[in-house]
Amino acid sequence: MQKRVTVVIPNYNGMKYLKTCLDSLARQVFQEFDTIVVDNASADESRTFIRENYPWVRLIVMDKNTGFSGAVNRGIREAKTPYVILLNNDTEADRKFVLEMVQIMDSDERIFSANCKLVQFYNRDRLDDAGDLYTIVGWGFQRGVDHSSQSYNRRTDVFSACAAAAIYRRDVFKKIGLFDRRHFAYLEDIDVGYRARIAGYRNVYCPDAVVYHVGSGTSGSKYNSFKVRLSARNSIYLNYKNMPFLQLSVNMPFLLLGYLIKWRFFEKIGFANEYIDGLREGVKTCRKCRKVAFEKKNLKNYIRIQFDLVKNMFIYALEYGMRKLRKE
C-alpha cells in the first residue's frame with residue numbers, strides 16, 4: 001500500500017528527546033507513514049542512537065546547521081507522499097495523532113496545513129498551542145497558550161499552523177514556495193502559512209490530534225539572545241515579503257507601535273540590544289528576500305487577511321487578560 005504521509009523531524013543535538021519522540025511514532029494506530037530525521041550536523045550521539053535503535057527511520061545528515069527551515073525543506077523535498085507532517089524532536093505524539101492529521105487533510109482539498117492540539121509536556125493540564133495567530137501590530141502568538149488543555153475542542157481556521165507538530169499538503173509548496181531559509185528559525189511557520197492564505201488556502205486547527213511539547217528544546221529557553229535577535233529580524237522579513245505596499249503603508253503605524261512595545265518589554269528583561277540589532281538587520285537585508293507578487297485575483301484574500309490581523313489583536317488581548325486573571 002502506498003504511504004499517505006511522511007513525518008519529518010528536524011534534529012540538532014536532540015539526543016535526550018529522540019527516544020520519547022520516535023517511540024511515540026512507533027505506537028501510532030495509523031502506520032502508513034514514512035519517517036525522516038534530518039540531522040543538522042549534531043555534535044551529540046543522535047545519529048548513532050537512531051541508526052542502532054530505529055532502522056525504520058531514514059536518517060539524512062546535513063553537513064552544517066541549516067536551521068529549522070533548511071532541515072525541514074530537505075525533508076519535504078525527499079518526501080514522496082501527498083502529505084508531510086513536521087514534528088519537533090522534543091515532542092510525544094498521542095497514538096491517534098497521525099490518523100487525525102491525515103483525516104482532516106482529506107476533508108477539504110483547500111486545506112494547506114493543520115495544527116494539532118499542542119499540550120505542555122511537563123504540565124499536561126495546560127495548552128501550549130491551538131494554532132498560531134498574527135496581529136496588526138506584528139505579533140505572532142500561540143492561541144490558547146496556558147489555558148486548560150481540556151478547552152479549545154472545536155475545529156476552526158487559524159492564521160497558520162505551528163510547525164512544531166503540523167501537517168502540510170506537499171503539492172502546495174510547489175505553488176507558494178518552501179520555508180524561507182533566510183528565517184533559519186522562528187516565524188517561518190507563520191510566513192509559509194501567510195503565503196498559503198494569500199493564495200487562497202486554509203490553515204486549520206484539529207483538536208482531536210494531540211501532541212505533548214517540551215518547547216524550546218533546541219534553543220534552550222523561552223528568551224535568549226539568539227532567539228530574540230532572529231525573531232526580531234524575521235518579523236521584518238515577514239511583513240515586507242507578504243504585505244503589498246498599500247497594505248504595509250496602512251499597517252505601518254500599528255507595526256511601529258508593536259515594535260516599540262516589544263522593545264520596552266525586552267529592555268525590562270535585558271534583551272533590548274539584541275532586539276534592536278535584529279530589527280536593524282531585518283531592515284538592512286529584507287530586500288534580499290523574495291517578496292510575494294501581488295495578483296488582483298488574490299485581492300479578496302488580502303482583505304480577509306487584513307480583517308483577521310485586526311480581529312486577532314482582540315483575541316490576543318482577551319487571552320492575555322484571561323491568563324492574567326487566572327494567575328492572580
# chains A, B, ... in the order shown; residues from 1 in each chain; ligands from 1

call {"tool": "residues_around", "arguments": {"residues": "stretch 185-190 of chain A", "least_positions_apart": "6", "cutoff": "8 Å", "atoms": "only C-alpha atoms", "output": "PyMOL selection string"}}
result
chain A and resi 67-69+132+134+140+159-163+179+227+230-231+234-235+238

call {"tool": "select_by_dssp", "arguments": {"residues": "stretch 15-188 of chain A", "states": "strand (DSSP E)", "output": "number ranges by chain"}}
result
A: 33-39, 57-61, 83-87, 91-93, 111-120, 127-129, 132-134, 140-142, 156-157, 165-169

call {"tool": "write_last_selection", "arguments": {"atoms": "C-alpha atoms", "output": "mmCIF file, in the first residue's frame"}}
result
data_model
loop_
_atom_site.group_PDB
_atom_site.id
_atom_site.type_symbol
_atom_site.label_atom_id
_atom_site.label_comp_id
_atom_site.auth_asym_id
_atom_site.auth_seq_id
_atom_site.Cartn_x
_atom_site.Cartn_y
_atom_site.Cartn_z
ATOM 1 C CA PHE A 33 3.724 6.693 7.015
ATOM 2 C CA ASP A 34 7.438 7.151 6.409
ATOM 3 C CA THR A 35 9.739 8.821 8.915
ATOM 4 C CA ILE A 36 12.699 11.039 8.057
ATOM 5 C CA VAL A 37 15.022 12.590 10.617
ATOM 6 C CA VAL A 38 17.086 15.451 9.185
ATOM 7 C CA ASP A 39 20.105 15.961 11.411
ATOM 8 C CA VAL A 57 13.794 5.811 10.299
ATOM 9 C CA ARG A 58 15.508 7.318 7.273
ATOM 10 C CA LEU A 59 18.355 9.499 8.521
ATOM 11 C CA ILE A 60 19.564 12.447 6.448
ATOM 12 C CA VAL A 61 22.713 14.171 7.700
ATOM 13 C CA TYR A 83 1.125 14.979 2.978
ATOM 14 C CA VAL A 84 4.095 15.887 5.162
ATOM 15 C CA ILE A 85 3.996 16.116 8.954
ATOM 16 C CA LEU A 86 6.621 18.306 10.598
ATOM 17 C CA LEU A 87 7.350 17.223 14.150
ATOM 18 C CA THR A 91 7.540 16.018 21.441
ATOM 19 C CA GLU A 92 5.473 12.952 22.307
ATOM 20 C CA ALA A 93 2.584 12.202 19.943
ATOM 21 C CA ILE A 111 -6.572 22.980 3.480
ATOM 22 C CA PHE A 112 -2.842 23.678 3.238
ATOM 23 C CA SER A 113 -1.927 22.925 6.843
ATOM 24 C CA ALA A 114 -3.411 21.674 10.090
ATOM 25 C CA ASN A 115 -2.260 22.418 13.631
ATOM 26 C CA CYS A 116 -2.793 19.720 16.257
ATOM 27 C CA LYS A 117 -3.624 20.416 19.899
ATOM 28 C CA LEU A 118 -0.191 21.035 21.417
ATOM 29 C CA VAL A 119 -0.133 20.380 25.169
ATOM 30 C CA GLN A 120 2.680 21.327 27.535
ATOM 31 C CA LEU A 127 -2.154 24.054 26.410
ATOM 32 C CA ASP A 128 0.955 25.017 24.502
ATOM 33 C CA ASP A 129 -0.615 25.972 21.155
ATOM 34 C CA ASP A 132 -0.860 30.421 15.574
ATOM 35 C CA LEU A 133 -2.430 33.845 15.061
ATOM 36 C CA TYR A 134 -0.866 37.012 13.653
ATOM 37 C CA GLY A 140 2.501 36.265 16.304
ATOM 38 C CA PHE A 141 1.137 34.302 19.246
ATOM 39 C CA GLN A 142 0.110 30.824 20.317
ATOM 40 C CA THR A 156 -11.580 26.141 13.359
ATOM 41 C CA ASP A 157 -9.488 28.113 10.912
ATOM 42 C CA ALA A 165 3.607 19.487 15.089
ATOM 43 C CA ALA A 166 1.633 20.157 11.915
ATOM 44 C CA ILE A 167 0.663 18.529 8.639
ATOM 45 C CA TYR A 168 1.051 20.146 5.194
ATOM 46 C CA ARG A 169 -0.230 19.445 1.682
#

call {"tool": "residues_around", "arguments": {"residues": "A:Leu246", "least_positions_apart": "2", "cutoff": "12 Å", "atoms": "only C-alpha atoms", "output": "PyMOL selection string"}}
result
chain A and resi 240+242-244+248-252+294+299+302-303+306

call {"tool": "residues_around", "arguments": {"residues": "A:Phe254", "least_positions_apart": "4", "cutoff": "9 Å", "atoms": "only C-alpha atoms", "output": "PyMOL selection string"}}
result
chain A and resi 136-138+250+258-259

call {"tool": "write_last_selection", "arguments": {"atoms": "C-alpha atoms", "output": "PDB file, in the first residue's frame"}}
result
ATOM      1  CA  ILE A 136      -1.916  44.043  13.039  1.00  0.00           C
ATOM      2  CA  VAL A 137       0.894  45.121  15.414  1.00  0.00           C
ATOM      3  CA  GLY A 138       3.180  42.426  14.006  1.00  0.00           C
ATOM      4  CA  VAL A 250      -1.783  51.307   6.133  1.00  0.00           C
ATOM      5  CA  GLY A 258       4.118  46.897  18.193  1.00  0.00           C
ATOM      6  CA  TYR A 259       7.884  47.185  17.785  1.00  0.00           C
TER       7      TYR A 259
END

call {"tool": "residues_around", "arguments": {"residues": "A:Ala272", "least_positions_apart": "6", "cutoff": "9 Å", "atoms": "only C-alpha atoms", "output": "list in words"}}
result
Val228, Lys262, Trp263, Arg264, Phe265 and Phe266 of chain A

call {"tool": "closest_residue", "arguments": {"among": "A:Lys64, A:Lys296, A:Lys284, A:Lys174", "to": "A:Ile76", "atoms": "only C-alpha atoms"}}
result
A:Lys174

call {"tool": "select_by_dssp", "arguments": {"residues": "stretch 204-317 of chain A", "states": "alpha helix (DSSP H)", "output": "JSON, numbers by chain"}}
result
{"A": [225, 226, 227, 228, 229, 230, 231, 232, 233, 234, 235, 236, 237, 238, 239, 240, 241, 242, 245, 246, 247, 248, 249, 250, 251, 252, 253, 254, 255, 256, 257, 258, 259, 260, 261, 262, 263, 264, 265, 266, 267, 268, 272, 273, 274, 275, 276, 277, 278, 279, 280, 281, 282, 283, 284, 285, 299, 300, 301, 302, 303, 304, 305, 306, 307, 308, 309, 310, 311, 312, 313, 314, 315, 316, 317]}

call {"tool": "closest_residue", "arguments": {"among": "A:Cys21, A:Met105, A:Val204, A:Val292", "to": "A:Asp191", "atoms": "only C-alpha atoms"}}
result
A:Val292

call {"tool": "atom_distance", "arguments": {"atom1": "atom CA of A:His147", "atom2": "atom CA of A:Lys16"}}
result
27.4 Å

call {"tool": "closest_residue", "arguments": {"among": "A:Ile269, A:Ala209, A:Ala199, A:Leu178", "to": "A:Asn298", "atoms": "only C-alpha atoms"}}
result
A:Ala199
